[in-house]
>>> print(open('target-v9.txt').read())   # compact mmCIF, C-alpha atoms
# COMPACT_ATOMS: atom_id res chain seq x y z
CA MET A 1 99.73 247.81 156.43
CA LYS A 2 100.17 245.07 159.02
CA THR A 3 101.12 245.86 162.59
CA GLN A 4 104.18 244.24 164.13
CA VAL A 5 101.99 241.71 165.95
CA GLU A 6 100.12 240.89 162.73
CA GLU A 7 103.39 240.38 160.87
CA LYS A 8 104.86 238.07 163.51
CA PHE A 9 101.70 236.06 164.07
CA SER A 10 101.07 235.75 160.33
CA ASP A 11 104.51 234.14 160.00
CA PHE A 12 103.81 231.86 162.96
CA PHE A 13 100.39 230.89 161.62
CA GLN A 14 101.74 230.05 158.17
CA LYS A 15 104.25 227.63 159.68
CA TRP A 16 101.64 226.25 162.10
CA PHE A 17 99.17 225.72 159.25
CA CYS A 18 101.76 223.91 157.11
CA GLN A 19 102.45 221.59 160.03
CA LEU A 20 98.70 221.00 160.39
CA GLU A 21 98.55 219.90 156.74
CA GLU A 22 101.48 217.55 157.33
CA ASN A 23 99.83 216.15 160.47
CA LEU A 24 96.63 215.56 158.52
CA GLN A 25 98.47 213.35 156.04
CA HIS A 26 99.77 211.22 158.93
CA LEU A 27 96.24 210.90 160.31
CA LEU A 28 94.83 209.83 156.96
CA LYS A 29 97.58 207.30 156.25
CA VAL A 30 97.50 205.47 159.57
CA PRO A 31 96.11 201.89 159.30
CA ARG A 32 92.58 201.51 160.63
CA GLU A 33 92.48 197.77 161.27
CA ALA A 34 91.18 196.69 164.67
CA CYS A 35 94.43 194.81 165.33
CA HIS A 36 96.59 197.89 164.82
CA ASP A 37 98.72 198.99 167.77
CA GLN A 38 96.62 201.48 169.81
CA SER A 39 99.75 203.26 171.02
CA ASN A 40 100.33 204.57 167.48
CA TYR A 41 96.91 206.18 167.53
CA GLU A 42 97.56 207.66 170.95
CA ALA A 43 100.89 209.10 169.80
CA LEU A 44 99.23 210.81 166.83
CA VAL A 45 96.45 212.20 169.01
CA SER A 46 99.01 213.51 171.50
CA LYS A 47 100.96 215.16 168.67
CA LEU A 48 97.83 216.88 167.30
CA THR A 49 96.61 218.13 170.67
CA ALA A 50 100.09 219.51 171.44
CA HIS A 51 99.99 221.28 168.07
CA HIS A 52 96.69 222.97 168.96
CA LYS A 53 97.93 223.94 172.42
CA ALA A 54 100.98 225.57 170.80
CA TYR A 55 98.62 227.71 168.72
CA TYR A 56 96.78 229.01 171.77
CA THR A 57 100.00 229.63 173.68
CA ALA A 58 101.30 231.79 170.83
CA LYS A 59 97.91 233.44 170.39
CA TRP A 60 97.62 234.52 174.01
CA ALA A 61 101.17 235.89 174.06
CA ALA A 62 100.57 237.95 170.91
CA ALA A 63 97.08 239.09 171.97
CA HIS A 64 98.52 240.64 175.12
CA ASP A 65 100.25 243.17 172.84
CA ASP A 66 97.44 243.60 170.29
CA VAL A 67 94.18 241.80 171.02
CA LEU A 68 92.32 243.54 168.19
CA ALA A 69 94.48 241.70 165.66
CA PHE A 70 92.61 238.51 166.62
CA PHE A 71 89.14 239.97 166.18
CA SER A 72 89.87 240.67 162.50
CA PRO A 73 92.86 238.43 161.68
CA VAL A 74 94.68 239.32 158.47
CA TRP A 75 96.14 235.80 158.21
CA LEU A 76 92.67 234.36 157.53
CA SER A 77 90.48 234.78 154.46
CA SER A 78 87.24 236.78 154.54
CA LEU A 79 85.30 233.52 154.42
CA GLU A 80 87.08 232.21 157.52
CA ASN A 81 86.62 235.52 159.33
CA ALA A 82 82.88 235.45 158.60
CA TYR A 83 82.54 232.25 160.66
CA LEU A 84 84.62 233.30 163.65
CA TRP A 85 83.05 233.18 167.10
CA VAL A 86 84.98 235.45 169.49
CA THR A 87 88.29 235.02 167.57
CA GLY A 88 87.92 231.30 166.77
CA TRP A 89 85.67 228.36 165.96
CA LYS A 90 82.42 227.95 167.84
CA PRO A 91 82.59 225.00 170.27
CA SER A 92 79.10 223.73 169.37
CA MET A 93 80.38 223.10 165.86
CA MET A 94 82.34 220.10 167.18
CA PHE A 95 79.16 218.32 168.19
CA ARG A 96 77.64 218.92 164.77
CA LEU A 97 80.84 217.49 163.30
CA VAL A 98 80.50 214.35 165.41
CA ASP A 99 76.92 213.94 164.16
CA SER A 100 78.06 214.38 160.54
CA LEU A 101 80.89 211.88 160.92
CA ARG A 102 78.48 209.29 162.31
CA GLN A 103 76.37 209.66 159.16
CA THR A 104 79.05 210.00 156.47
CA GLY A 105 81.90 207.84 157.78
CA VAL A 106 84.43 210.35 156.41
CA PRO A 107 87.42 210.21 156.82
CA GLY A 108 86.90 206.91 158.69
CA ALA A 109 83.91 204.85 159.78
CA SER A 110 84.93 204.51 163.43
CA LEU A 111 82.55 207.21 164.72
CA ALA A 112 79.59 205.41 163.14
CA GLY A 113 80.07 202.82 165.90
CA LEU A 114 79.69 205.13 168.91
CA SER A 115 78.21 203.23 171.84
CA GLU A 116 75.12 204.33 173.77
CA GLU A 117 77.36 205.30 176.68
CA GLN A 118 79.55 207.46 174.41
CA LEU A 119 76.51 209.16 172.89
CA LYS A 120 75.15 209.88 176.36
CA ARG A 121 78.45 211.44 177.49
CA ILE A 122 78.72 213.53 174.32
CA GLU A 123 75.17 214.80 174.82
CA GLU A 124 75.97 215.74 178.42
CA LEU A 125 79.06 217.57 177.23
CA ARG A 126 77.04 219.33 174.52
CA VAL A 127 74.62 220.73 177.13
CA LYS A 128 77.47 221.82 179.41
CA ILE A 129 79.38 223.54 176.60
CA ARG A 130 76.26 225.31 175.36
CA LEU A 131 75.84 226.88 178.81
CA GLU A 132 79.45 228.04 178.73
CA GLU A 133 78.98 229.47 175.24
CA GLU A 134 76.01 231.47 176.50
CA LYS A 135 78.12 232.79 179.36
CA VAL A 136 80.78 233.96 176.91
CA GLU A 137 78.12 235.55 174.68
CA ARG A 138 76.57 237.43 177.62
CA GLU A 139 79.98 238.74 178.61
CA MET A 140 80.71 239.75 175.00
CA GLU A 141 77.41 241.61 174.87
CA ARG A 142 78.36 243.43 178.06
CA GLN A 143 81.68 244.43 176.49
CA GLN A 144 79.97 245.73 173.37
CA VAL A 145 77.31 247.69 175.26
CA ALA A 146 80.06 249.24 177.43
CA MET A 147 81.09 251.31 174.41
CA ALA A 148 78.00 253.45 175.04
CA ASP A 149 78.37 253.92 178.80
CA PRO A 150 78.41 257.52 180.20
CA ARG A 151 82.21 257.64 180.39
CA MET A 152 82.65 256.84 176.68
CA VAL A 153 79.87 259.27 175.69
CA GLU A 154 81.52 262.05 177.68
CA LEU A 155 84.91 261.28 176.11
CA ALA A 156 83.36 261.45 172.65
CA ARG A 157 81.86 264.85 173.53
CA LEU A 158 85.16 266.19 174.85
CA ALA A 159 87.11 264.87 171.84
CA THR A 160 84.62 266.57 169.51
CA ARG A 161 84.94 269.93 171.28
CA VAL A 162 88.72 270.25 171.52
CA LYS A 163 90.64 271.67 168.57
CA ASP A 164 94.04 270.61 167.24
CA GLY A 165 96.76 272.65 168.89
CA ASN A 166 94.59 273.28 171.95
CA SER A 167 96.25 272.49 175.29
CA GLU A 168 93.28 270.26 176.20
CA VAL A 169 93.97 267.85 173.31
CA SER A 170 96.73 265.96 175.12
CA GLN A 171 94.60 265.66 178.25
CA VAL A 172 91.66 264.25 176.31
CA ASP A 173 93.95 261.89 174.38
CA GLU A 174 95.30 260.54 177.65
CA LEU A 175 91.77 259.96 178.97
CA VAL A 176 90.85 258.13 175.74
CA LYS A 177 94.01 256.03 176.00
CA VAL A 178 93.14 254.94 179.54
CA ALA A 179 89.53 254.15 178.58
CA LEU A 180 90.55 252.10 175.52
CA LYS A 181 93.14 250.21 177.54
CA SER A 182 90.38 249.08 179.90
CA LEU A 183 88.14 248.05 176.99
CA LEU A 184 90.94 246.11 175.29
CA ALA A 185 91.76 244.32 178.54
CA GLY A 186 88.12 243.25 178.65
CA LEU A 187 88.31 241.94 175.09
CA GLU A 188 91.46 239.99 175.96
CA ARG A 189 89.68 238.35 178.90
CA GLU A 190 86.73 237.58 176.64
CA MET A 191 88.99 235.99 174.03
CA LYS A 192 90.64 233.79 176.64
CA MET A 193 87.24 232.74 178.02
CA ALA A 194 86.17 231.65 174.54
CA ASP A 195 89.46 229.85 173.92
CA CYS A 196 89.09 227.95 177.20
CA VAL A 197 85.65 226.74 176.11
CA ARG A 198 87.15 225.64 172.78
CA LEU A 199 89.93 223.69 174.49
CA LYS A 200 87.50 222.22 177.01
CA THR A 201 85.27 221.06 174.13
CA LEU A 202 88.14 219.47 172.23
CA LYS A 203 89.44 217.67 175.33
CA GLY A 204 85.94 216.61 176.36
CA VAL A 205 85.15 215.03 173.00
CA LEU A 206 88.53 213.28 172.80
CA ASP A 207 88.07 211.88 176.33
CA VAL A 208 84.86 210.17 175.20
CA LEU A 209 86.28 208.65 172.00
CA SER A 210 88.52 205.61 171.55
CA PRO A 211 92.07 206.20 170.17
CA LEU A 212 91.01 205.32 166.61
CA GLN A 213 87.89 207.48 166.88
CA CYS A 214 90.10 210.33 168.10
CA VAL A 215 92.28 209.92 165.01
CA ASP A 216 89.25 210.11 162.71
CA PHE A 217 87.79 213.05 164.60
CA LEU A 218 91.04 215.07 164.53
CA ALA A 219 91.49 214.23 160.84
CA ALA A 220 88.01 215.60 160.16
CA THR A 221 88.57 218.82 162.14
CA SER A 222 91.93 219.40 160.41
CA MET A 223 90.45 218.62 157.00
CA HIS A 224 87.61 221.05 157.60
CA GLN A 225 89.92 223.87 158.72
CA ILE A 226 92.32 223.36 155.82
CA GLN A 227 89.64 223.20 153.15
CA LEU A 228 87.78 226.24 154.51
CA SER A 229 91.04 228.17 154.25
CA LYS A 230 91.61 226.99 150.68
CA TRP A 231 88.03 227.83 149.63
CA GLY A 232 88.37 231.31 151.12
CA LYS A 233 91.71 232.02 149.45
CA LYS A 234 90.50 230.63 146.12
CA ARG A 235 87.48 232.91 146.26
CA GLU A 236 89.62 235.95 147.06
CA ASN A 237 92.08 235.16 144.25
CA ARG A 238 89.20 234.77 141.81
CA ARG A 239 87.66 238.09 142.83
CA ARG A 240 91.04 239.81 142.65
CA HIS A 241 91.53 238.43 139.15
CA GLU A 242 88.05 239.60 138.12
CA ASN A 243 88.73 243.09 139.49
CA GLU A 244 92.02 243.27 137.60
CA ASN A 245 90.25 242.26 134.39
CA CYS A 246 87.56 244.88 134.95
CA ALA A 247 90.21 247.53 135.56
CA THR A 248 91.98 246.52 132.33
CA LEU A 249 88.73 246.71 130.34
CA ASP A 250 87.89 250.12 131.83
CA PHE A 251 91.34 251.37 130.89
CA ARG A 252 90.93 250.12 127.32
CA LYS A 253 87.55 251.83 127.02
CA LEU A 254 89.04 255.06 128.34
CA ASP A 255 91.99 254.73 125.96
CA GLY A 256 89.58 254.15 123.04
CA LYS A 257 87.63 257.28 123.93
CA ARG A 258 90.86 259.28 124.02
CA ASN A 259 91.85 257.98 120.59
CA ARG A 260 88.48 259.00 119.15
CA CYS A 261 88.80 262.43 120.72
CA ASP A 262 92.30 262.83 119.26
CA ALA A 263 90.99 261.86 115.80
CA LEU A 264 88.17 264.40 116.02
CA THR A 265 90.62 267.07 117.13
CA LEU A 266 92.87 266.38 114.16
CA ARG A 267 89.92 266.60 111.76
CA PHE A 268 88.84 269.86 113.32
CA VAL A 269 92.35 271.29 112.97
>>> encode(input="target-v9.txt", output="structure tokens")
Amino acid sequence: MKTQVEEKFSDFFQKWFCQLEENLQHLLKVPREACHDQSNYEALVSKLTAHHKAYYTAKWAAAHDDVLAFFSPVWLSSLENAYLWVTGWKPSMMFRLVDSLRQTGVPGASLAGLSEEQLKRIEELRVKIRLEEEKVEREMERQQVAMADPRMVELARLATRVKDGNSEVSQVDELVKVALKSLLAGLEREMKMADCVRLKTLKGVLDVLSPLQCVDFLAATSMHQIQLSKWGKKRENRRRHENENCATLDFRKLDGKRNRCDALTLRFV
């Protein structure tokens, strides 16, 4: 059963995702001639970046009430969850995407023409973001190891010793509540740190690219996110269908065995 935060954010995400699909169509349809008005590109880029900022604004507001919902989001498929890095996409992935777009020219060939200066700036950003990723990962490791600090070990011991109905139960529960509140606050800070690196990466890459290159880059990131979601949901639907078929076959086998048993019983009688 979903929590209240999961219900509300699932509804928000569904609407946000539908808008992302609509925005992608605009990005793909825009003319890519050199003579095209650059302000149209800039307007599209501004619209897409505002859309992403809206996601993080809603995410942070919801995470304040239930941060754990974002470490195992029910609105994403298992495939998407498997590739999460501290509740979202890993910033370094954006640099790999730039490299791929330079080679494939999909959805547009503009990134194949990156200048030496642009490549140098992207490489500098890559190094800077990698250092920030490592900082987030060290902090996440500290949060995870904190689960085994003396305070948590002692709480586990106390919780194991007390019996239901004992007057000490409520005291131990209160101590656990305080300890978990501190841990969850740490996870919320960690999530925001990771999100800031994501936003910094997105802004940094867009600052290096021309308006048309920004359009192609944002189209590629949106396309990737949308297709990953579809692949994950398709896989889950297929597995659900297979499980239903297996359950039906098992039921038929069981029903057949019962019929044979009934026939033997009648013969015996």
>>> residues_around(input="target-v9.txt", residues="Leu184 (chain A)", least_positions_apart="5", cutoff="12 Å", atoms="all atoms listed in the file", output="ChimeraX atom specification")
/A:63-71,143-144,146-147,177-179,189-191
>>> atom_distance(input="target-v9.txt", atom1="CA of Ser78 (chain A)", atom2="CA of Phe9 (chain A)")
17.3 Å
>>> atom_distance(input="target-v9.txt", atom1="CA of Val197 (chain A)", atom2="CA of Pro91 (chain A)")
6.8 Å
>>> atom_distance(input="target-v9.txt", atom1="CA of His36 (chain A)", atom2="CA of Glu123 (chain A)")
29.1 Å
>>> closest_residue(input="target-v9.txt", among="A:Arg198, A:Pro211, A:Glu236, A:Gln171", to="Met93 (chain A)", atoms="all atoms listed in the file")
A:Arg198
>>> closest_residue(input="target-v9.txt", among="A:Ala112, A:Leu119, A:Leu218, A:Val176", to="Leu44 (chain A)", atoms="all atoms listed in the file")
A:Leu218
>>> closest_residue(input="target-v9.txt", among="A:Glu21, A:Ala220, A:Val30, A:Gln14", to="Arg96 (chain A)", atoms="all atoms listed in the file")
A:Ala220
>>> closest_residue(input="target-v9.txt", among="A:Leu76, A:Leu125, A:Leu24, A:Val162", to="Leu48 (chain A)", atoms="all atoms listed in the file")
A:Leu24
>>> closest_residue(input="target-v9.txt", among="A:Asn243, A:Ser229, A:Gln213, A:Gln19", to="Asn81 (chain A)", atoms="only C-alpha atoms")
A:Ser229
>>> closest_residue(input="target-v9.txt", among="A:Leu202, A:Val5, A:Ala219, A:Ala148", to="Trp60 (chain A)", atoms="all atoms listed in the file")
A:Val5
>>> axis_aligned_box(input="target-v9.txt", around="region 199-218 of chain A", padding_each_side="5 Å", output="JSON")
{"center_x": 88.6, "center_y": 214.5, "center_z": 169.9, "size_x": 17.4, "size_y": 28.4, "size_z": 24.3}
>>> residues_near_point(input="target-v9.txt", point="(78.2, 217.2, 174.1)", cutoff="10 Å", atoms="all atoms listed in the file", output="PyMOL selection string")
chain A and resi 91-92+94-96+98+118-130+201+204-205+208
